[in-house]
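**Q** The structure that follows is given in the form of structure tokens.
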Amino acid sequence: MEKEKEPPATEQPKPIVEISGVNKFYGSNHVVKDLSLVIYEKEFLSILGPSGCGKTTLLRMIAGFERQSTGTIIVEGENVENKEPFERNINTVFQSYALFPHMSIYDNIAYGLRMKKVPKKEIKDRVNKALVMVRLEGFGQRYPSQLSGGQKQRVAIARAIINNPRVLLLDEPLGALDMKLRKQMQIELKNLQRKLGITFVYVTHDQEEALTMSDRIAVMNVGNLDQCGKPEDVYDRPATKFIADFIGETNLFETVVEEEKGGVAYLYCEAGDMMGKSEGFDPNEIVYVSVRPEKTKCSVKPVENFSLGGIVRESIYLGNIVKTIINLTNGQAIKINTSVDQPAPPVGSIRYVYWDIKDAVMIYTHANDIINQIESVGLNSFNAAIPELLPKEGENG
Amino acid sequence: MKNKKKFNLETLSARFFSAFVYVFLYAPILIVILFSFNTSRRNITFEGFTVSWYGEMVRNSGLLESFVNTLVVASCSTAIAVVIGTLTAIAMFRYKFKGKGVIDSLLYIPVVIPEIVLGISLLASFAIASVPLGRISLVIAHATFSIPFVVFTVRARLSGYDRSIEEAAMDLGANRIQVLTGITIPIIFPGIVSGAVLAFTLSIDDFIISFFTTGASSITFPLKVMESVRSGIRPDVYALSSIIMLATFIIVIISQSAAYRSKKSGKD
């Protein structure tokens, strides 16, 4: 169809939305905390987080429905602080679809163009094209109450993209659909984004959805942006304990560094000893270790430097994999996924958990940073008052 | 056998009961229509059939004038009540503000307060504000007691309203006025209409408050009827009443069938 194909984009991606130092308070409630994020042209960015993490608030600030308490939001190089939603070249797909119940599907989709005073003939062409794009030809004269959830969703998308926005914001658009339709719409949305070449900012609490569709994922937790990166970065190298736990399944250990030697960190936790990657930790530093179930292994005899023994509690057949659950001595349940052709350890037997060092993700707790900071402040004045709470050497300083 | 007998008795009593209800409701109305065709000036016995009272009614300028006056007052007060009531309902639905709860409860007072008290207090207010009693004072008085009814019906309609619909319109480039006129008002329109019908009806048949708040220059139809009762009701009042009833009947049928049709189309 296309006579000329554009050369593949090799140049640096251009920022389209720049959020810097944004805070949002509702009364004394700090909903978004000093958040900075750059969204690039033509990318599919997911904002992922549990409900109440501030992701929808962030989206509503980009759209202009909420105003940030402090900080700036720049869209296409322009500060949008004093711009109303109808003055921004951004469109939104709402979770509740928010179709106009008193208008036909055709009028719903045409609404944005009518507001922009586009000539009637052009509106007709573009609406019909949009209806074809979302596979709703012939539905123009129906009313929203006559459509199913998936169809309403498509109308909401058509209504937004017909205005050729530079950025499309989607607020959990598939939340109300059933599982099968969801999967189908995920693929459709991704294809649509590629075809249109516009930036999608997609808010979701479903980590699987985010991993499937996104070019990048921004993970939010209690108002903070914890990490922003490619799906594989977020999955394989989670920056915080929260992300390791939230995205996919994992086995998480709170450990203390014993020593580092030859690129290996020797660690111990309540349940026993283990090894991890050396990343320049201090001895006695608290570090979280996250190992994915598919990377976790178990053996009959203890592997060198590992002493995580436990009893096999369950072995669950899941069709493509077998999930083995091992209870460690401290009660922690370790999940191990193995392929079905490997023999599963019998329930009730004793197994030792281990992994390859490269598969262990080391997560800083910053507990040591905080301790160092407290020490650097100098607590001389407190020493006299509460000497028993402080280390001995503090008495001199 | 026994079963069937019981069933017959049940249906019979049900039929009798519903017939009784309808007779009770409509017999007085039918009597008014009947007596509007009575040749006798007195309304106790039916002497013969005539349509002359309808001609008399048209010639009776006082009667017609009072009726026109009623319609004018009802239209004006309804218009005022609809505008103020709708905007109040939208504001109370959309915004949180100090004293919202107080305003909310105060709205019920004109509804539950005895009309006679409202009439006297309005009369006193007009006297203090030195508003001359006449059409204007009447319109203000009627709008006052109509506003809560409009607020209630519009608010009932708004209760299931998803505010993201308005946000979606704004997102698509509509400014606040366009959102109000193109989205909010059309969606709550059925509520506005039923509020308006209620306000209009209340205004048309209000007697007590009108009695206190109008002057000699603007007598409404209920006042006129009341006045003529003292000297015995003339059949031309019956004639006008019959015509009003016919008009009401037609309006009810039209609105009911429209409501039925919209309900049916919404269900498909």
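Letters for chains follow the order of the structure tokens (A, B, ...), residue numbers begin at 1 for each chain, and ligand numbers begin at 1 in the order shown.
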Would you pick out the contacts of Leu59 in chain A at 8 Å or less, using only C-alpha atoms, so that residues sharing its chain but fewer than 5 positions from it are not included, and give the list as a PDB file with C-alpha atoms, in the first residue's frame?

**A**
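Below is the file that was written, result.pdb:
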ATOM      1  CA  LEU A 169      -3.614   8.275  27.785  1.00  0.00           C
ATOM      2  CA  ASP A 171      -6.626   4.562  32.264  1.00  0.00           C
ATOM      3  CA  VAL A 203      -2.088   2.870  33.320  1.00  0.00           C
TER       4      VAL A 203
END

**Q** Could you build a table of the residues in range 154-264 of chain A lying no more than 7 Å from range 48-51 of chain A, giving for each the nearest pair of atoms and their separation in Å rounded to one decimal place, using only C-alpha atoms, ordered by chain and ascending residue number, as a tab-separated table?

**A**
residue	atom	partner	partner_atom	distance
A:Val203	CA	A:Leu48	CA	6.1
A:Thr204	CA	A:Leu48	CA	5.2
A:His205	CA	A:Gly49	CA	5.1
A:Gln207	CA	A:Leu48	CA	6.8
A:Ala210	CA	A:Leu48	CA	6.9
A:Ile217	CA	A:Leu48	CA	6.7
A:Ala218	CA	A:Leu48	CA	6.0
A:Val219	CA	A:Leu48	CA	4.7
A:Met220	CA	A:Gly49	CA	4.9
A:Asn221	CA	A:Gly49	CA	5.9

**Q** Find the nearest atom pair between each residue of chain A and chain B for residues within 6 Å, count only C-alpha atoms, give distances in Å to one decimal, sort rows by chain and ascending number, and present the table as JSON lines.

**A**
{"residue": "A:Pro85", "atom": "CA", "partner": "B:Asp171", "partner_atom": "CA", "distance": 5.3}
{"residue": "A:Phe86", "atom": "CA", "partner": "B:Gly173", "partner_atom": "CA", "distance": 4.0}
{"residue": "A:Asn91", "atom": "CA", "partner": "B:Asp171", "partner_atom": "CA", "distance": 5.8}
{"residue": "A:Ala98", "atom": "CA", "partner": "B:Ile165", "partner_atom": "CA", "distance": 4.5}
{"residue": "A:Gly112", "atom": "CA", "partner": "B:Leu172", "partner_atom": "CA", "distance": 4.6}
{"residue": "A:Met115", "atom": "CA", "partner": "B:Gly173", "partner_atom": "CA", "distance": 5.8}

**Q** Skipping near chain neighbours, those fewer than 2 positions away, what residues fall within 10 Å of Tyr238 in chain B using only C-alpha atoms, listed as a PyMOL selection string?

**A** chain B and resi 29+31-38+43+53-54+57+225+233-236+240-244

**Q** Give me, as an NGL selection string, the residues of range 207-260 of chain B that a backbone DSSP run labels alpha helix (DSSP H).

**A** :B and (208-213 or 221-230 or 235-260)

**Q** Looking at only C-alpha atoms, which of B:Ser130, B:Tyr161, B:Arg261, B:Gly85 is the one that sits closest to Leu99 in chain A?

**A**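 Between B:Ser130, B:Tyr161, B:Arg261, B:Gly85, the residue approaching Leu99 in chain A most closely is B:Tyr161.
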
**Q** Taking 5 positions as the minimum chain separation for residues in the same chain, which residues sit within 7 Å of range 58-66 of chain B when counting only C-alpha atoms? Answer as a list in words.

**A**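 The filter keeps Ile219, Thr220, Phe221 and Lys224 of chain B.
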
**Q** Keeping only C-alpha atoms, write those residues as an mmCIF file, in the first residue's frame.

**A**
data_model
loop_
_atom_site.group_PDB
_atom_site.id
_atom_site.type_symbol
_atom_site.label_atom_id
_atom_site.label_comp_id
_atom_site.auth_asym_id
_atom_site.auth_seq_id
_atom_site.Cartn_x
_atom_site.Cartn_y
_atom_site.Cartn_z
ATOM 1 C CA ILE B 219 -56.390 37.378 39.590
ATOM 2 C CA THR B 220 -55.534 33.757 38.770
ATOM 3 C CA PHE B 221 -58.007 31.114 37.693
ATOM 4 C CA LYS B 224 -61.513 33.542 40.212
#

**Q** Fewer than 5 positions away in the same chain doesn't count, so skip those; otherwise give me all residues within 7 Å of Thr250 in chain A, counting only C-alpha atoms, as a PyMOL selection string.

**A** chain A and resi 244-245+290-293

**Q** Filtering to N, CA and C atoms, could you give me those residues as an mmCIF file, in the first residue's frame?

**A**
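Output below, filename result.cif:
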data_model
loop_
_atom_site.group_PDB
_atom_site.id
_atom_site.type_symbol
_atom_site.label_atom_id
_atom_site.label_comp_id
_atom_site.auth_asym_id
_atom_site.auth_seq_id
_atom_site.Cartn_x
_atom_site.Cartn_y
_atom_site.Cartn_z
ATOM 1 N N ALA A 244 10.406 -6.401 42.796
ATOM 2 C CA ALA A 244 10.714 -7.833 42.691
ATOM 3 C C ALA A 244 9.501 -8.663 43.093
ATOM 4 N N ASP A 245 8.816 -8.210 44.102
ATOM 5 C CA ASP A 245 7.661 -8.918 44.618
ATOM 6 C C ASP A 245 6.434 -8.723 43.744
ATOM 7 N N SER A 290 16.647 -11.622 45.199
ATOM 8 C CA SER A 290 15.436 -12.100 44.542
ATOM 9 C C SER A 290 15.830 -13.104 43.472
ATOM 10 N N VAL A 291 15.222 -14.274 43.511
ATOM 11 C CA VAL A 291 15.485 -15.306 42.506
ATOM 12 C C VAL A 291 14.151 -15.782 41.953
ATOM 13 N N ARG A 292 14.011 -15.734 40.640
ATOM 14 C CA ARG A 292 12.752 -16.151 40.003
ATOM 15 C C ARG A 292 12.548 -17.652 40.171
ATOM 16 N N PRO A 293 11.311 -18.121 40.291
ATOM 17 C CA PRO A 293 11.053 -19.563 40.460
ATOM 18 C C PRO A 293 11.659 -20.405 39.347
#

**Q** If I take CA of Leu170 in chain A and CA of Gly52 in chain A, how far is one from the other in Å, to one decimal?

**A**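 Computing the Euclidean distance for CA of Leu170 in chain A and CA of Gly52 in chain A yields 16.7 Å.
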
**Q** Which residue gives the smallest distance to Leu30 in chain B among B:Ala239, B:Leu158, B:Ala14, B:Val73, with only C-alpha atoms counted?

**A**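 Nearest to Leu30 in chain B: B:Ala239.
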